[in-house]
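Asks: The structure's right below; bear with me while I get my questions together.
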There are 2 protein chains.
Amino acid sequence: MTKKRIFTVLTLGFVLVFGGLATAQTVDSLPSWNDGKAKQSIIAFVAKVTKAGSPDFVPPAERIATFDNDGTLWAEQTMYFQLLFALDRVKALAPQHPEWKDKEPFASLLKGDVKGALAGGEHAILEIVMATHAGMTTEDFEKIVKDWIATAKHPTTKRPYTEMVYQPMLELLAYLRANDFKTFIVSGGGIEFMRPWTEKVYGIPPEQVVGSSIKTKFETRNGKPVIVRLPELIFMDDKEGKPIGINSHIGRRPIAAFGNSDGDLQMLQWTTAGQGPRFALYVHHTDAEREWAYDRKSNIGRLDKGLDEAKAKGWTVVDMKRDWKVIFPHEKK
Amino acid sequence: MTKKRIFTVLTLGFVLVFGGLATAQTVDSLPSWNDGKAKQSIIAFVAKVTKAGSPDFVPPAERIATFDNDGTLWAEQTMYFQLLFALDRVKALAPQHPEWKDKEPFASLLKGDVKGALAGGEHAILEIVMATHAGMTTEDFEKIVKDWIATAKHPTTKRPYTEMVYQPMLELLAYLRANDFKTFIVSGGGIEFMRPWTEKVYGIPPEQVVGSSIKTKFETRNGKPVIVRLPELIFMDDKEGKPIGINSHIGRRPIAAFGNSDGDLQMLQWTTAGQGPRFALYVHHTDAEREWAYDRKSNIGRLDKGLDEAKAKGWTVVDMKRDWKVIFPHEKK
């Protein structure tokens with residue numbers, strides 16, 4: 001140990017001490033949240049469960065927080081982004097599938113008639129998803145998603161999808177982690193569609209992402225083991241599926257859960273039904289100007305039963321228009 | 001900030017500096033391992049992937065290590081411990097099931113004839129497992145497992161099952177974590193049979209346990225949401241299932257994998273087929289005196305193809321008799 005290294009460590013000690021002091025006194029961890037009930041309820045909950053010796057104290061290992069993705073961490077209008085990915089992939093794959101010219105829903109799609117293609121409902125969507133999400137190895141699919149997310153633009157905002165994440169929620173994720181929470185995504189979206197980019201965008205590593213999944217098969221190709229994606233949905237991580245997915249992947253009940261739609265209701269019910277302090281929050285899309293305004297009647301991200309239950313049970317409801325200073329990171333000054 | 005607190009932090013700085021220096025020079029992280037090829041190969045691999053600036057450096061987030069459980073972290077003779085749990089449960093539940101007196105495999109079992117009960121092969125085992133592992137909520141099952149593991153004794157050693165874990169492997173888990181590895185269990189055993197005790201025994205939290213699973217159902221009982229366990233196997237985390245389970249739960253390829261049987265072979269293949277530095281290790285049960293000796297012909301934990309592949313590919317093979325100073329924690333002096 002040199003004198004120089006000892007000096008470095010001591011200096012670091014000073015920086016930590018006085019840096020820490022400054023933080024506690026002056027820094028707002030949620031600067032994009034307006035002061036109000038929503039922000040206060042979050043801070044009060046975190047203070048309560050992290051206060052050593054308090055009856056509401058929760059050990060760090062049990063500070064599990066689960067977040068829906070579409071409409072909770074990033075936008076979901078005018079269509080789930082994963083569906084937009086699938087539509088882009090149909091166009092990219094069309095030259096290898098001459099038969100699609102005469103086959104719905106592909107034929108309409110390739111003519112630019114998205115509405116016509118999706119008129120086939122769930123069956124049409126499943127066909128599009130399976131044609132674009134299966135038939136390759138997991139490594140190939142990861143590369144496809146990474147390439148798409150790095151280059152694709154949202155049809156109306158013309159921004160990369162990774163810029164259509166909610167700045168206040170990024171702050172919330174970081175704030176919870178700074179308080180020793182472990183943050184998970186629990187989304188109806190495809191698990192392997194999210195994992196290639198969630199670490200970079202949200203700070204959430206692949207092993208903390210729970211989502212819908214298709215069947216996979218382990219096999220050896222040219223002496224090399226691969227995992228191949230098959231066109232069969234085996235788990236839908238939505239509604240009743242969310243507590244099931246949480247139980248399967250996390251194995252303990254969250255103490256805090258965050259969603260924006262009726263698809264998240266069972267996750268919030270499951271979370272708040274546990275013993276001890278619990279927190280549930282709904283993001284309510286109320287800002288037609290800066291984002292989109294929708295709730296009880298929307299086909300995407302419908303929030304109807306959930307809104308009633310949130311009011312009845314006193315869960316936190318974020319009014320995006322009123323509670324958030326900015327919606328997207330690019331609005332920050 | 002008081003002077004006292006500043007002094008404390010500075011003192012802490014000194015302790016960290018000189019404590020760290022002492023550790024590097026004198027402390028053996030794997031004291032129950034005899035010096036030899038196996039121990040050296042582990043230390044060399046960890047040194048290689050943690051050395052900043054080296055071409056083999058692996059960032060902490062990617063330091064994923066997966067461990068089989070039965071026969072790798074704890075013993076598995078004379079029968080998988082989870083099967084012994086199931087047999088104990090049949091006895092405990094018998095009063096509620098008068099029909100078992102005349103129904104195999106239960107009838108033989110209740111007469112004390114375990115061999116006769118298991119003569120029905122896989123079908124008999126599945127019947128016993130489902131009768132004892134399904135039909136209750138996840139919370140009830142967790143309690144049953146916790147009660148059993150706290151009180152049950154192994155039939156021949158008469159020790160609690162949690163004392164039949166391998167001391168050298170406990171040291172290895174801690175050593176890897178001290179080097180910023182994230183340690184996971186990937187076992188053919190039931191995921192919810194392991195999670196209630198792995199954190200306490202191995203330092204592995206529930207969300208880092210991958211295992212076989214049965215179907216579950218979310219429902220509301222008396223206004224309270226519950227998850228109910230159903231008698232249907234939906235995922236077998238063995239052989240080809242291990243890479244599938246790893247992909248589903250972890251979402252990235254391990255850089256190190258540890259097993260003891262042919263059931264782990266695909267996990268070791270999958271791990272070592274990745275780019276960059278990789279490590280694979282087999283525990284070979286060679287010590288009939290301190291534990292059990294078995295490999296190519298054993299019905300439990302058969303190691304045959306795996307042993308050949310380990311030799312061909314230069315994987316580390318631990319000879320328990322030669323490489324381990326002690327097997328179980330109670331042998332430590």
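Labels for the structure tokens follow display order: chains A, B, ..., residues from 1 in each chain, ligands from 1.
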For Asn299 in chain B, work out the shell of residues within 12 Å, counting only C-alpha atoms and skipping chain neighbours fewer than 4 positions away, then give it as a ChimeraX atom specification.
Replies: /B:76-80,121,261-263,294-295,303-304
Asks: Residues of range 130-233 of chain A in helix (DSSP H, G or I) according to DSSP, as a VMD selection string?
Replies: chain A and resid 130 to 133 138 to 151 161 to 163 167 to 178 191 to 202 206 to 208
Asks: May I have all residues of range 41-271 of chain A that DSSP, computed from the backbone, assigns to strand (DSSP E), given as a PyMOL selection string?
Replies: chain A and resi 64-67+182-190+209-221+224-235+256-259
Asks: Residues within 6 Å of Tyr166 in chain A, please, as a CSV table (one decimal) with N, CA, C and O atoms, in the first residue's frame. Count only C-alpha atoms; anything in the same chain fewer than 2 positions from it doesn't count.
Replies:
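What ended up in selection35.csv:
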```csv
chain,number,residue,atom,x,y,z
A,73,LEU,N,-44.0,2.6,-18.1
A,73,LEU,CA,-42.6,3.1,-18.2
A,73,LEU,C,-42.4,3.8,-19.6
A,73,LEU,O,-41.5,4.7,-19.7
A,74,TRP,N,-43.0,3.3,-20.6
A,74,TRP,CA,-43.0,4.0,-21.9
A,74,TRP,C,-44.3,4.1,-22.5
A,74,TRP,O,-45.3,3.5,-22.0
A,168,PRO,N,-40.4,11.0,-15.3
A,168,PRO,CA,-40.7,10.9,-13.9
A,168,PRO,C,-40.6,9.4,-13.4
A,168,PRO,O,-40.2,9.2,-12.3
A,169,MET,N,-40.8,8.5,-14.3
A,169,MET,CA,-40.7,7.1,-13.9
A,169,MET,C,-39.3,6.6,-13.9
A,169,MET,O,-38.9,5.8,-13.0
A,327,ILE,N,-43.0,15.0,-19.3
A,327,ILE,CA,-43.4,13.6,-19.6
A,327,ILE,C,-42.1,12.8,-20.1
A,327,ILE,O,-41.7,11.8,-19.5
A,328,PHE,N,-41.5,13.3,-21.2
A,328,PHE,CA,-40.4,12.6,-21.8
A,328,PHE,C,-39.1,13.3,-21.5
A,328,PHE,O,-39.0,14.5,-21.3
```
Asks: Can you pull out every residue within 12 Å of range 97-101 of chain B, counting only C-alpha atoms, but drop anything in the same chain fewer than 6 positions away, and send it as a PyMOL selection string?
Replies: chain B and resi 89-91+107-111+117+127-128+131-132
Asks: Need to verify the contact set: Gly211 in chain B, 12 Å, only C-alpha atoms, exclusion of same-chain residues closer than 4 positions in sequence. Can you return it as an MDAnalysis selection string?
Replies: (chainID A and resid 248:249 251) or (chainID B and resid 66:70 184:195 206:207 233:239 241:246 248:249)
Asks: Pick out the closest residue to chain B from this set: A:Met164, A:Val129, A:Ile214, A:Leu87. Count only C-alpha atoms.
Replies: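 The shortest atom-to-atom distance to chain B comes from A:Ile214.
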Asks: Tell me which protein, DNA and RNA residues are within 8 Å of Pro231 in chain A, counting only C-alpha atoms, leaving out same-chain ones fewer than 5 positions away, and put them as a PDB file with C-alpha atoms, in the first residue's frame.
Replies:
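The result, stored in around27.pdb:
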```pdb
ATOM      1  CA  MET A 130     -45.551 -15.474 -34.628  1.00  0.00           C
ATOM      2  CA  ALA A 131     -44.351 -14.849 -38.191  1.00  0.00           C
ATOM      3  CA  HIS A 133     -41.003 -13.485 -33.430  1.00  0.00           C
ATOM      4  CA  ALA A 134     -40.440 -17.218 -34.025  1.00  0.00           C
ATOM      5  CA  GLY A 135     -38.367 -19.436 -36.275  1.00  0.00           C
ATOM      6  CA  ILE A 214     -43.324 -18.381 -26.538  1.00  0.00           C
ATOM      7  CA  LYS A 215     -42.119 -21.946 -26.503  1.00  0.00           C
TER       8      LYS A 215
END
```
Asks: For Asp287 in chain A, which residue among A:Ala124, A:Val49, A:Val318, A:Ala94 is the nearest when counting only C-alpha atoms?
Replies: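 Closest residue, counting only C-alpha atoms: A:Val318.
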